[in-house]
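Engineer: Quick one, model-v4.pdb (PDB, C-alpha atoms and all ligand atoms):
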```pdb
ATOM      1  CA  MET A   1      -9.688  10.157 -10.427
ATOM      2  CA  LYS A   2      -9.053   6.455  -9.848
ATOM      3  CA  LEU A   3      -5.458   5.729  -9.123
ATOM      4  CA  ILE A   4      -3.332   2.711  -8.243
ATOM      5  CA  LEU A   5      -0.053   3.032  -6.342
ATOM      6  CA  LEU A   6       2.232   0.118  -7.165
ATOM      7  CA  GLY A   7       5.545  -0.588  -5.499
ATOM      8  CA  ALA A   8       7.301  -2.921  -3.110
ATOM      9  CA  PRO A   9       6.235  -2.932   0.534
ATOM     10  CA  GLY A  10       7.949   0.076   2.083
ATOM     11  CA  SER A  11       8.372   1.928  -1.216
ATOM     12  CA  GLY A  12       6.414   4.844   0.259
ATOM     13  CA  LYS A  13       2.965   4.098  -1.146
ATOM     14  CA  GLY A  14       1.219   4.860   2.148
ATOM     15  CA  THR A  15       3.023   8.168   2.704
ATOM     16  CA  GLN A  16       2.431   9.374  -0.848
ATOM     17  CA  ALA A  17      -1.189   8.181  -0.813
ATOM     18  CA  GLU A  18      -1.785  10.413   2.215
ATOM     19  CA  PHE A  19      -0.541  13.488   0.279
ATOM     20  CA  ILE A  20      -2.435  12.737  -2.913
ATOM     21  CA  SER A  21      -5.580  11.935  -0.978
ATOM     22  CA  ARG A  22      -5.502  15.422   0.582
ATOM     23  CA  GLU A  23      -4.532  17.110  -2.679
ATOM     24  CA  LEU A  24      -7.315  15.495  -4.720
ATOM     25  CA  SER A  25      -9.877  15.012  -1.911
ATOM     26  CA  ILE A  26     -10.343  11.325  -2.608
ATOM     27  CA  PRO A  27      -9.977   8.461  -0.116
ATOM     28  CA  THR A  28      -7.081   6.046   0.105
ATOM     29  CA  ILE A  29      -8.082   2.420   0.156
ATOM     30  CA  SER A  30      -5.355   0.235   1.641
ATOM     31  CA  THR A  31      -6.170  -3.471   1.769
ATOM     32  CA  GLY A  32      -3.290  -3.954   4.230
ATOM     33  CA  ALA A  33      -4.782  -1.318   6.579
ATOM     34  CA  ILE A  34      -8.242  -2.904   6.282
ATOM     35  CA  PHE A  35      -6.787  -6.300   7.173
ATOM     36  CA  ARG A  36      -4.854  -4.897  10.151
ATOM     37  CA  GLU A  37      -8.052  -3.293  11.443
ATOM     38  CA  GLU A  38      -9.951  -6.574  11.049
ATOM     39  CA  MET A  39      -7.161  -8.414  12.883
ATOM     40  CA  GLN A  40      -7.225  -5.898  15.715
ATOM     41  CA  LYS A  41     -10.996  -6.303  16.059
ATOM     42  CA  GLY A  42     -10.625 -10.077  15.890
ATOM     43  CA  THR A  43     -13.282 -10.476  13.164
ATOM     44  CA  LYS A  44     -13.733 -13.587  10.998
ATOM     45  CA  ILE A  45     -11.780 -11.976   8.157
ATOM     46  CA  GLY A  46      -9.112 -10.811  10.618
ATOM     47  CA  LEU A  47      -8.578 -14.337  11.896
ATOM     48  CA  LYS A  48      -8.506 -15.699   8.349
ATOM     49  CA  VAL A  49      -5.810 -13.296   7.081
ATOM     50  CA  LYS A  50      -3.516 -13.208  10.125
ATOM     51  CA  GLU A  51      -1.441 -16.299   9.351
ATOM     52  CA  TYR A  52      -0.717 -15.068   5.794
ATOM     53  CA  ILE A  53       0.169 -11.544   6.867
ATOM     54  CA  ASP A  54       2.417 -12.600   9.745
ATOM     55  CA  ALA A  55       4.298 -14.921   7.378
ATOM     56  CA  GLY A  56       4.737 -12.178   4.752
ATOM     57  CA  MET A  57       2.563 -14.086   2.266
ATOM     58  CA  LEU A  58      -0.298 -12.777   0.171
ATOM     59  CA  VAL A  59      -3.841 -13.220   1.421
ATOM     60  CA  PRO A  60      -5.812 -15.432  -1.039
ATOM     61  CA  ASP A  61      -7.336 -13.479  -3.921
ATOM     62  CA  GLU A  62     -10.958 -14.363  -3.130
ATOM     63  CA  THR A  63     -10.712 -12.881   0.382
ATOM     64  CA  VAL A  64      -9.028  -9.715  -0.910
ATOM     65  CA  LEU A  65     -11.638  -9.320  -3.637
ATOM     66  CA  GLU A  66     -14.522  -9.764  -1.202
ATOM     67  CA  VAL A  67     -13.111  -6.948   0.949
ATOM     68  CA  ILE A  68     -12.313  -4.600  -1.945
ATOM     69  CA  ARG A  69     -15.700  -5.050  -3.684
ATOM     70  CA  GLU A  70     -17.475  -4.069  -0.498
ATOM     71  CA  ARG A  71     -15.154  -1.099   0.124
ATOM     72  CA  LEU A  72     -15.324   0.364  -3.403
ATOM     73  CA  ALA A  73     -19.124   0.241  -3.355
ATOM     74  CA  ARG A  74     -19.278   2.752  -0.494
ATOM     75  CA  GLU A  75     -20.458   6.321  -0.944
ATOM     76  CA  ASP A  76     -17.032   7.965  -0.380
ATOM     77  CA  CYS A  77     -15.598   6.188  -3.444
ATOM     78  CA  LYS A  78     -18.010   7.887  -5.852
ATOM     79  CA  ASN A  79     -15.545  10.552  -7.042
ATOM     80  CA  GLY A  80     -12.526   8.281  -7.190
ATOM     81  CA  TYR A  81      -9.913   6.786  -4.881
ATOM     82  CA  ILE A  82      -6.293   5.801  -4.458
ATOM     83  CA  LEU A  83      -5.584   2.091  -4.198
ATOM     84  CA  ASP A  84      -2.594   1.373  -1.969
ATOM     85  CA  GLY A  85      -1.524  -2.277  -1.914
ATOM     86  CA  PHE A  86      -4.221  -3.499  -4.304
ATOM     87  CA  PRO A  87      -4.042  -5.145  -6.818
ATOM     88  CA  ARG A  88      -1.078  -7.366  -5.969
ATOM     89  CA  THR A  89      -1.615 -10.195  -8.480
ATOM     90  CA  ILE A  90      -2.637 -10.326 -12.148
ATOM     91  CA  HIS A  91      -5.808 -12.139 -11.087
ATOM     92  CA  GLN A  92      -6.722  -9.248  -8.766
ATOM     93  CA  ALA A  93      -6.008  -6.726 -11.564
ATOM     94  CA  GLU A  94      -8.278  -8.620 -13.952
ATOM     95  CA  ALA A  95     -11.025  -8.684 -11.327
ATOM     96  CA  LEU A  96     -10.580  -4.933 -10.767
ATOM     97  CA  ASP A  97     -10.945  -4.362 -14.531
ATOM     98  CA  ARG A  98     -14.377  -5.965 -14.264
ATOM     99  CA  ILE A  99     -15.355  -3.613 -11.415
ATOM    100  CA  THR A 100     -14.098  -0.275 -12.792
ATOM    101  CA  ASP A 101     -11.811   1.623 -15.143
ATOM    102  CA  ILE A 102      -8.595   2.920 -13.567
ATOM    103  CA  ASP A 103      -7.123   6.224 -14.826
ATOM    104  CA  TYR A 104      -3.472   5.973 -13.804
ATOM    105  CA  VAL A 105      -1.044   3.530 -12.232
ATOM    106  CA  ILE A 106       1.980   5.009 -10.478
ATOM    107  CA  SER A 107       4.852   2.622  -9.827
ATOM    108  CA  LEU A 108       7.271   3.749  -7.112
ATOM    109  CA  GLU A 109      10.744   2.404  -7.872
ATOM    110  CA  VAL A 110      12.970   1.746  -4.851
ATOM    111  CA  PRO A 111      15.960  -0.676  -4.663
ATOM    112  CA  ASP A 112      15.565  -3.685  -2.334
ATOM    113  CA  ALA A 113      18.480  -2.639  -0.076
ATOM    114  CA  ASP A 114      16.734   0.689   0.692
ATOM    115  CA  ILE A 115      13.451  -1.102   1.328
ATOM    116  CA  GLU A 116      15.022  -3.393   3.929
ATOM    117  CA  LYS A 117      16.429  -0.392   5.815
ATOM    118  CA  ARG A 118      13.153   1.495   5.628
ATOM    119  CA  LEU A 119      10.931  -1.320   6.841
ATOM    120  CA  THR A 120      13.015  -2.572   9.704
ATOM    121  CA  GLY A 121      13.166   1.000  11.103
ATOM    122  CA  ARG A 122       9.465   1.661  10.597
ATOM    123  CA  ARG A 123       7.204   2.269  13.592
ATOM    124  CA  VAL A 124       3.420   2.357  13.366
ATOM    125  CA  CYS A 125       0.909   3.976  15.696
ATOM    126  CA  SER A 126      -1.182   1.248  17.285
ATOM    127  CA  LYS A 127      -4.172   3.614  17.429
ATOM    128  CA  CYS A 128      -4.338   5.664  14.198
ATOM    129  CA  GLY A 129      -1.923   3.759  11.912
ATOM    130  CA  LYS A 130       0.368   6.737  11.172
ATOM    131  CA  THR A 131       3.896   5.617  10.308
ATOM    132  CA  TYR A 132       7.285   6.971  11.438
ATOM    133  CA  HIS A 133      10.933   5.990  10.990
ATOM    134  CA  ILE A 134      13.501   5.741  13.774
ATOM    135  CA  LYS A 135      16.163   7.379  11.608
ATOM    136  CA  TYR A 136      14.156  10.453  10.621
ATOM    137  CA  ASP A 137      11.514  11.130  13.289
ATOM    138  CA  ASP A 138      11.974  12.139  16.927
ATOM    139  CA  THR A 139       8.449  10.862  17.413
ATOM    140  CA  ALA A 140       9.540   7.362  16.421
ATOM    141  CA  ARG A 141      12.229   7.475  19.087
ATOM    142  CA  SER A 142       9.872   8.792  21.760
ATOM    143  CA  GLY A 143       7.465   5.957  20.962
ATOM    144  CA  ILE A 144       4.324   8.127  21.144
ATOM    145  CA  CYS A 145       2.297   9.208  18.095
ATOM    146  CA  ASN A 146       2.212  13.001  17.714
ATOM    147  CA  GLU A 147      -1.227  12.877  16.057
ATOM    148  CA  CYS A 148      -3.228  10.857  18.552
ATOM    149  CA  GLY A 149      -0.958   9.935  21.475
ATOM    150  CA  GLY A 150      -1.110   6.204  20.670
ATOM    151  CA  ALA A 151       1.834   3.891  21.365
ATOM    152  CA  LEU A 152       4.159   3.177  18.427
ATOM    153  CA  THR A 153       4.841  -0.470  17.608
ATOM    154  CA  VAL A 154       6.830  -2.563  15.125
ATOM    155  CA  ARG A 155       4.532  -4.308  12.676
ATOM    156  CA  GLU A 156       4.839  -8.079  13.031
ATOM    157  CA  ASP A 157       5.555  -8.305   9.305
ATOM    158  CA  ASP A 158       8.321  -5.644   9.442
ATOM    159  CA  LYS A 159      10.703  -8.076  11.151
ATOM    160  CA  PRO A 160      13.807  -8.674   8.955
ATOM    161  CA  GLU A 161      13.016 -12.292   7.897
ATOM    162  CA  THR A 162       9.454 -11.363   6.997
ATOM    163  CA  VAL A 163      10.574  -8.260   5.093
ATOM    164  CA  ARG A 164      12.752 -10.463   2.856
ATOM    165  CA  ALA A 165       9.832 -12.851   2.281
ATOM    166  CA  ARG A 166       7.551  -9.925   1.356
ATOM    167  CA  LEU A 167      10.109  -8.557  -1.110
ATOM    168  CA  ASP A 168      10.382 -11.972  -2.710
ATOM    169  CA  VAL A 169       6.588 -12.175  -2.997
ATOM    170  CA  TYR A 170       6.529  -8.666  -4.492
ATOM    171  CA  HIS A 171       9.038  -9.513  -7.240
ATOM    172  CA  LYS A 172       7.371 -12.807  -8.126
ATOM    173  CA  GLN A 173       3.679 -11.972  -7.822
ATOM    174  CA  SER A 174       3.192  -8.207  -7.957
ATOM    175  CA  GLU A 175       5.936  -6.844 -10.214
ATOM    176  CA  PRO A 176       4.358  -8.448 -13.324
ATOM    177  CA  LEU A 177       1.553  -5.899 -12.816
ATOM    178  CA  LYS A 178       3.891  -3.256 -14.222
ATOM    179  CA  ASP A 179       3.828  -4.931 -17.640
ATOM    180  CA  TYR A 180       0.103  -5.528 -17.309
ATOM    181  CA  TYR A 181      -0.575  -1.791 -16.926
ATOM    182  CA  ARG A 182       2.242  -0.715 -19.271
ATOM    183  CA  ASN A 183       0.523  -2.682 -22.016
ATOM    184  CA  LYS A 184      -2.680  -0.776 -21.303
ATOM    185  CA  GLY A 185      -0.770   2.537 -21.547
ATOM    186  CA  LYS A 186      -1.548   3.419 -17.916
ATOM    187  CA  LEU A 187       1.787   2.961 -16.170
ATOM    188  CA  LYS A 188       3.843   5.912 -14.927
ATOM    189  CA  SER A 189       7.101   4.976 -13.192
ATOM    190  CA  VAL A 190       8.403   7.358 -10.539
ATOM    191  CA  GLU A 191      11.792   7.228  -8.788
ATOM    192  CA  GLY A 192      10.861   6.512  -5.167
ATOM    193  CA  THR A 193      14.168   7.416  -3.478
ATOM    194  CA  GLY A 194      15.031  10.890  -2.195
ATOM    195  CA  PRO A 195      13.097  13.500  -0.210
ATOM    196  CA  VAL A 196       9.404  12.729   0.268
ATOM    197  CA  ASP A 197       8.380  16.165  -1.113
ATOM    198  CA  GLU A 198      10.358  15.606  -4.325
ATOM    199  CA  ILE A 199       8.673  12.258  -4.893
ATOM    200  CA  ARG A 200       5.316  13.828  -4.232
ATOM    201  CA  LYS A 201       6.064  16.496  -6.873
ATOM    202  CA  LEU A 202       7.065  13.838  -9.409
ATOM    203  CA  ILE A 203       3.818  11.962  -8.775
ATOM    204  CA  LEU A 204       1.658  15.057  -9.215
ATOM    205  CA  GLU A 205       3.556  15.871 -12.436
ATOM    206  CA  ALA A 206       2.981  12.335 -13.711
ATOM    207  CA  LEU A 207      -0.738  12.766 -13.015
ATOM    208  CA  SER A 208      -0.701  16.221 -14.650
ATOM    209  CA  VAL A 209      -2.614  17.813 -11.766
TER     210      VAL A 209
HETATM  211  P1  LIG B   1       0.605  -3.748   3.199
HETATM  212  O1  LIG B   1       0.220  -2.918   4.376
HETATM  213  O2  LIG B   1       0.024  -3.229   1.902
HETATM  214  O3  LIG B   1       2.090  -3.990   3.103
HETATM  215  O4  LIG B   1      -0.080  -5.180   3.416
HETATM  216  C1  LIG B   1       0.254  -5.995   4.518
HETATM  217  C2  LIG B   1      -0.044  -7.441   4.196
HETATM  218  O5  LIG B   1      -1.454  -7.601   3.934
HETATM  219  C3  LIG B   1       0.653  -7.993   2.951
HETATM  220  O6  LIG B   1       1.967  -8.428   3.210
HETATM  221  C4  LIG B   1      -0.274  -9.146   2.581
HETATM  222  O7  LIG B   1      -0.080 -10.258   3.442
HETATM  223  C5  LIG B   1      -1.664  -8.562   2.916
HETATM  224  N1  LIG B   1      -2.248  -7.887   1.735
HETATM  225  C6  LIG B   1      -2.526  -6.557   1.624
HETATM  226  N2  LIG B   1      -3.058  -6.273   0.421
HETATM  227  C7  LIG B   1      -3.102  -7.459  -0.250
HETATM  228  C8  LIG B   1      -3.520  -7.831  -1.558
HETATM  229  N3  LIG B   1      -3.995  -6.920  -2.435
HETATM  230  N4  LIG B   1      -3.433  -9.144  -1.899
HETATM  231  C9  LIG B   1      -2.963 -10.060  -1.031
HETATM  232  N5  LIG B   1      -2.535  -9.784   0.201
HETATM  233  C10 LIG B   1      -2.595  -8.486   0.603
END
```
Would you write the structure of this file as C-alpha cells?
Ligand code: AMP
Structural biologist:
Amino acid sequence: MKLILLGAPGSGKGTQAEFISRELSIPTISTGAIFREEMQKGTKIGLKVKEYIDAGMLVPDETVLEVIRERLAREDCKNGYILDGFPRTIHQAEALDRITDIDYVISLEVPDADIEKRLTGRRVCSKCGKTYHIKYDDTARSGICNECGGALTVREDDKPETVRARLDVYHKQSEPLKDYYRNKGKLKSVEGTGPVDEIRKLILEALSV
C-alpha cells in the first residue's frame, strides 16, 4: 500500500506513521527526517536545506524531489510506503503522480491552537529521532530517550515564532493538497485530536485494513 499522511506540522503524522508502518510492514519516508539527518552529517544537501528549515520555510521543490526520487527507488519501497511530510506543494504532488500511483491520502485535522501547544512542548531524541511531549511523557521531563539513551532536544524549528511561520506555510502551500486529492477521490479526513490510539483506529478504519 502507498499512503500519504497529510496534516499540519505537529498534527501527529510521525506518531501515526510509526504505528501504521508496523501494522502494514512498510517503511515510513519522512522528508523532514531525511533532511535532519543530512544536516546532522553536514552533507551538501544538509547545508543547502538548513536555512529554509530553521526559518520554518519549505525547502525548494527541486531539492525535495531529488531526495524523494532516490529514496523511493530503494529496495525497501517495493511493497509500498507511508509518506510523512511529502508532498507539501501541488508541484510536488504532480511530480509524485509521475513517479507512482498513491492508494490513499489521510488528512489529520487538528486546530492551530492545539498544534502550537503540541510543538512547543515537543522534545526529540538527538540520536534516534523518537519524539516525546513534556506534558505527557516522564521521559521528556527526564531528558533521556527511553529507546536508545540519547539526549532529548528541542528542534530548532519548534520554537514558537518558527511554529507560527510553519503553520502559515502549511495553510498557504500545503492545505490546497486536500482539494487536489479530494478531486482524485483519494482523500480520507481523520479527526486528529484525542487519544493517540483512537486516532490510530480511525486511520486503520479509513484504510479498511
Ligand atoms: P517536518 O519534519 O515534516 O515537519 O519537516 C521539517 C522541515 O523540513 C519543514 O518545515 C520544511 O522546511 C522541510 N521539509 C520537509 N519536507 C518537505 C517538503 N516535502 N517540501 C519542502 N520542505 C520540506
Engineer: Draw an axis-aligned box tight on the listed atoms of ligand LIG 1 (chain B), then pad every side by 8 Å and write out centre and edge lengths in Å to one decimal as lines of an AutoDock Vina configuration file.
Structural biologist:
```
center_x = -1.0
center_y = -6.6
center_z = 1.0
size_x = 22.1
size_y = 23.3
size_z = 23.0
```
Engineer: Provide the CA of Cys148 (chain A) to CA of Gly129 (chain A) distance in Å, to one decimal place.
Structural biologist: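 It comes out at 9.8 Å.
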Engineer: At a cut-off of 8 Å from (3.8, -2.2, -5.9) in the coordinates of the file, what residues are picked up using only C-alpha atoms, written as a list in words?
Structural biologist: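 Final list of nearby residues, as requested, is Leu5, Leu6, Gly7, Ala8, Pro9, Ser11, Lys13, Gly85, Arg88, Ser107, Leu108, Tyr170, Ser174 and Glu175 of chain A.
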Engineer: Could those residues be written to a file, using C-alpha atoms, as a tab-separated table (two decimals), keeping the file's coordinate frame?
Structural biologist:
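Output below, filename selection-v9.tsv:
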```tsv
chain	number	residue	atom	x	y	z
A	5	LEU	CA	-0.05	3.03	-6.34
A	6	LEU	CA	2.23	0.12	-7.16
A	7	GLY	CA	5.54	-0.59	-5.50
A	8	ALA	CA	7.30	-2.92	-3.11
A	9	PRO	CA	6.24	-2.93	0.53
A	11	SER	CA	8.37	1.93	-1.22
A	13	LYS	CA	2.96	4.10	-1.15
A	85	GLY	CA	-1.52	-2.28	-1.91
A	88	ARG	CA	-1.08	-7.37	-5.97
A	107	SER	CA	4.85	2.62	-9.83
A	108	LEU	CA	7.27	3.75	-7.11
A	170	TYR	CA	6.53	-8.67	-4.49
A	174	SER	CA	3.19	-8.21	-7.96
A	175	GLU	CA	5.94	-6.84	-10.21
```
Engineer: Hey, which bits of chain A sit within 10 Å of ligand LIG 1 (chain B), and for each residue what's the closest pair of atoms and how far apart in Å (one decimal), counting only C-alpha atoms and all ligand atoms, rows by chain and increasing number, as a Markdown table?
Structural biologist:
```
| residue | atom | partner | partner_atom | distance |
| --- | --- | --- | --- | --- |
| A:Leu6 | CA | B:LIG1 | O2 | 9.9 |
| A:Gly7 | CA | B:LIG1 | O2 | 9.6 |
| A:Ala8 | CA | B:LIG1 | O3 | 8.2 |
| A:Pro9 | CA | B:LIG1 | O3 | 5.0 |
| A:Gly10 | CA | B:LIG1 | O3 | 7.2 |
| A:Ser11 | CA | B:LIG1 | O3 | 9.7 |
| A:Lys13 | CA | B:LIG1 | O2 | 8.5 |
| A:Gly14 | CA | B:LIG1 | O1 | 8.2 |
| A:Ser30 | CA | B:LIG1 | O2 | 6.4 |
| A:Thr31 | CA | B:LIG1 | N2 | 4.4 |
| A:Gly32 | CA | B:LIG1 | O4 | 3.5 |
| A:Ala33 | CA | B:LIG1 | O1 | 5.7 |
| A:Ile34 | CA | B:LIG1 | C6 | 8.2 |
| A:Phe35 | CA | B:LIG1 | O5 | 6.4 |
| A:Arg36 | CA | B:LIG1 | O5 | 7.6 |
| A:Val49 | CA | B:LIG1 | O7 | 7.4 |
| A:Lys50 | CA | B:LIG1 | O7 | 8.1 |
| A:Glu51 | CA | B:LIG1 | O7 | 8.6 |
| A:Tyr52 | CA | B:LIG1 | O7 | 5.4 |
| A:Ile53 | CA | B:LIG1 | O7 | 3.7 |
| A:Asp54 | CA | B:LIG1 | O7 | 7.2 |
| A:Ala55 | CA | B:LIG1 | O7 | 7.5 |
| A:Gly56 | CA | B:LIG1 | O6 | 4.9 |
| A:Met57 | CA | B:LIG1 | O7 | 4.8 |
| A:Leu58 | CA | B:LIG1 | N5 | 3.7 |
| A:Val59 | CA | B:LIG1 | N5 | 3.9 |
| A:Pro60 | CA | B:LIG1 | C9 | 6.1 |
| A:Asp61 | CA | B:LIG1 | N4 | 6.2 |
| A:Glu62 | CA | B:LIG1 | N4 | 9.2 |
| A:Thr63 | CA | B:LIG1 | C9 | 8.4 |
| A:Val64 | CA | B:LIG1 | N4 | 5.7 |
| A:Leu65 | CA | B:LIG1 | N3 | 8.1 |
| A:Val67 | CA | B:LIG1 | N3 | 9.7 |
| A:Ile68 | CA | B:LIG1 | N3 | 8.6 |
| A:Leu83 | CA | B:LIG1 | N3 | 9.3 |
| A:Asp84 | CA | B:LIG1 | O2 | 6.6 |
| A:Gly85 | CA | B:LIG1 | O2 | 4.2 |
| A:Phe86 | CA | B:LIG1 | N3 | 3.9 |
| A:Pro87 | CA | B:LIG1 | N3 | 4.7 |
| A:Arg88 | CA | B:LIG1 | N3 | 4.6 |
| A:Thr89 | CA | B:LIG1 | N4 | 6.9 |
| A:His91 | CA | B:LIG1 | N4 | 10.0 |
| A:Gln92 | CA | B:LIG1 | N3 | 7.3 |
| A:Ala93 | CA | B:LIG1 | N3 | 9.4 |
| A:Leu119 | CA | B:LIG1 | O3 | 10.0 |
| A:Arg155 | CA | B:LIG1 | C1 | 9.4 |
| A:Glu156 | CA | B:LIG1 | C1 | 9.9 |
| A:Asp157 | CA | B:LIG1 | O6 | 7.1 |
| A:Asp158 | CA | B:LIG1 | O3 | 9.0 |
| A:Thr162 | CA | B:LIG1 | O6 | 8.9 |
| A:Val163 | CA | B:LIG1 | O6 | 8.8 |
| A:Ala165 | CA | B:LIG1 | O6 | 9.1 |
| A:Arg166 | CA | B:LIG1 | O6 | 6.1 |
| A:Leu167 | CA | B:LIG1 | O6 | 9.2 |
| A:Val169 | CA | B:LIG1 | O6 | 8.6 |
| A:Tyr170 | CA | B:LIG1 | O6 | 9.0 |
| A:Gln173 | CA | B:LIG1 | N4 | 9.7 |
| A:Ser174 | CA | B:LIG1 | N4 | 9.0 |
```
Engineer: Provide the CA of Gly150 (chain A) to CA of Lys127 (chain A) distance in Å, to one decimal place.
Structural biologist: 5.2 Å
Engineer: Counting only C-alpha atoms, figure out which residue out of A:Glu109, A:Glu198, A:Asp114, A:Asp138 gets nearest to Lys178 (chain A).
Structural biologist: A:Glu109
Engineer: Taking all atoms listed in the file into account, name the residue in A:Glu66, A:Ile106, A:Asp101, A:Asp137 that is nearest to Glu191 (chain A).
Structural biologist: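 The shortest atom-to-atom distance to Glu191 (chain A) comes from A:Ile106.
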Engineer: To one decimal in Å, tell me the separation between CA of Glu147 (chain A) and CA of Lys130 (chain A).
Structural biologist: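 Separating CA of Glu147 (chain A) from CA of Lys130 (chain A) is a distance of 8.0 Å.
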Engineer: Please enumerate the residues selected by the PyMOL selection byres (((chain A and resi 132-136) around 9) and not hetatm) when evaluated against the supplied file, formatted as an MDAnalysis selection string.
Structural biologist: chainID A and resid 118:125 130:131 137:141 145 152
Engineer: Tell me which of A:Arg200, A:Asn183, A:Pro27, A:Lys41 sits closest to Arg71 (chain A), counting all atoms listed in the file.
Structural biologist: A:Pro27
Engineer: Which residues fall under the PyMOL selection byres (((chain A and resi 28) around 6) and not hetatm) in this file, as a VMD selection string?
Structural biologist: chain A and resid 27 29 81 to 82
Engineer: Just add all heavy atoms to region 12-19 of chain A and send it as an mmCIF file, keeping the file's coordinate frame.
Structural biologist:
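Written out: result19.cif:
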```
data_model
loop_
_atom_site.group_PDB
_atom_site.id
_atom_site.type_symbol
_atom_site.label_atom_id
_atom_site.label_comp_id
_atom_site.auth_asym_id
_atom_site.auth_seq_id
_atom_site.Cartn_x
_atom_site.Cartn_y
_atom_site.Cartn_z
ATOM 1 N N GLY A 12 6.947 3.513 -0.033
ATOM 2 C CA GLY A 12 6.414 4.844 0.259
ATOM 3 C C GLY A 12 4.993 5.050 -0.240
ATOM 4 O O GLY A 12 4.503 6.178 -0.262
ATOM 5 N N LYS A 13 4.336 3.977 -0.620
ATOM 6 C CA LYS A 13 2.965 4.098 -1.146
ATOM 7 C C LYS A 13 2.032 4.768 -0.136
ATOM 8 O O LYS A 13 1.284 5.671 -0.486
ATOM 9 C CB LYS A 13 2.383 2.718 -1.499
ATOM 10 C CG LYS A 13 3.148 1.957 -2.560
ATOM 11 C CD LYS A 13 2.398 0.726 -3.019
ATOM 12 C CE LYS A 13 2.132 -0.292 -1.936
ATOM 13 N NZ LYS A 13 3.327 -0.995 -1.448
ATOM 14 N N GLY A 14 2.117 4.330 1.117
ATOM 15 C CA GLY A 14 1.219 4.860 2.148
ATOM 16 C C GLY A 14 1.419 6.352 2.369
ATOM 17 O O GLY A 14 0.462 7.120 2.411
ATOM 18 N N THR A 15 2.693 6.754 2.480
ATOM 19 C CA THR A 15 3.023 8.168 2.704
ATOM 20 C C THR A 15 2.540 9.024 1.536
ATOM 21 O O THR A 15 1.913 10.065 1.728
ATOM 22 C CB THR A 15 4.561 8.322 2.828
ATOM 23 O OG1 THR A 15 5.000 7.435 3.845
ATOM 24 C CG2 THR A 15 4.958 9.733 3.162
ATOM 25 N N GLN A 16 2.823 8.590 0.324
ATOM 26 C CA GLN A 16 2.431 9.374 -0.848
ATOM 27 C C GLN A 16 0.911 9.378 -1.016
ATOM 28 O O GLN A 16 0.331 10.386 -1.410
ATOM 29 C CB GLN A 16 3.111 8.826 -2.116
ATOM 30 C CG GLN A 16 4.625 8.965 -2.093
ATOM 31 C CD GLN A 16 5.093 10.414 -1.953
ATOM 32 O OE1 GLN A 16 4.383 11.346 -2.302
ATOM 33 N NE2 GLN A 16 6.287 10.607 -1.421
ATOM 34 N N ALA A 17 0.279 8.261 -0.695
ATOM 35 C CA ALA A 17 -1.189 8.181 -0.813
ATOM 36 C C ALA A 17 -1.839 9.232 0.083
ATOM 37 O O ALA A 17 -2.805 9.885 -0.306
ATOM 38 C CB ALA A 17 -1.671 6.782 -0.435
ATOM 39 N N GLU A 18 -1.260 9.420 1.268
ATOM 40 C CA GLU A 18 -1.785 10.413 2.215
ATOM 41 C C GLU A 18 -1.792 11.815 1.586
ATOM 42 O O GLU A 18 -2.774 12.538 1.659
ATOM 43 C CB GLU A 18 -0.852 10.437 3.430
ATOM 44 C CG GLU A 18 -1.538 10.261 4.768
ATOM 45 C CD GLU A 18 -0.506 10.259 5.884
ATOM 46 O OE1 GLU A 18 -0.097 11.344 6.317
ATOM 47 O OE2 GLU A 18 -0.078 9.157 6.292
ATOM 48 N N PHE A 19 -0.658 12.175 0.936
ATOM 49 C CA PHE A 19 -0.541 13.488 0.279
ATOM 50 C C PHE A 19 -1.559 13.635 -0.841
ATOM 51 O O PHE A 19 -2.283 14.615 -0.926
ATOM 52 C CB PHE A 19 0.844 13.651 -0.372
ATOM 53 C CG PHE A 19 1.957 13.924 0.597
ATOM 54 C CD1 PHE A 19 3.166 13.258 0.479
ATOM 55 C CD2 PHE A 19 1.809 14.875 1.600
ATOM 56 C CE1 PHE A 19 4.213 13.510 1.353
ATOM 57 C CE2 PHE A 19 2.851 15.144 2.476
ATOM 58 C CZ PHE A 19 4.050 14.456 2.343
#
```
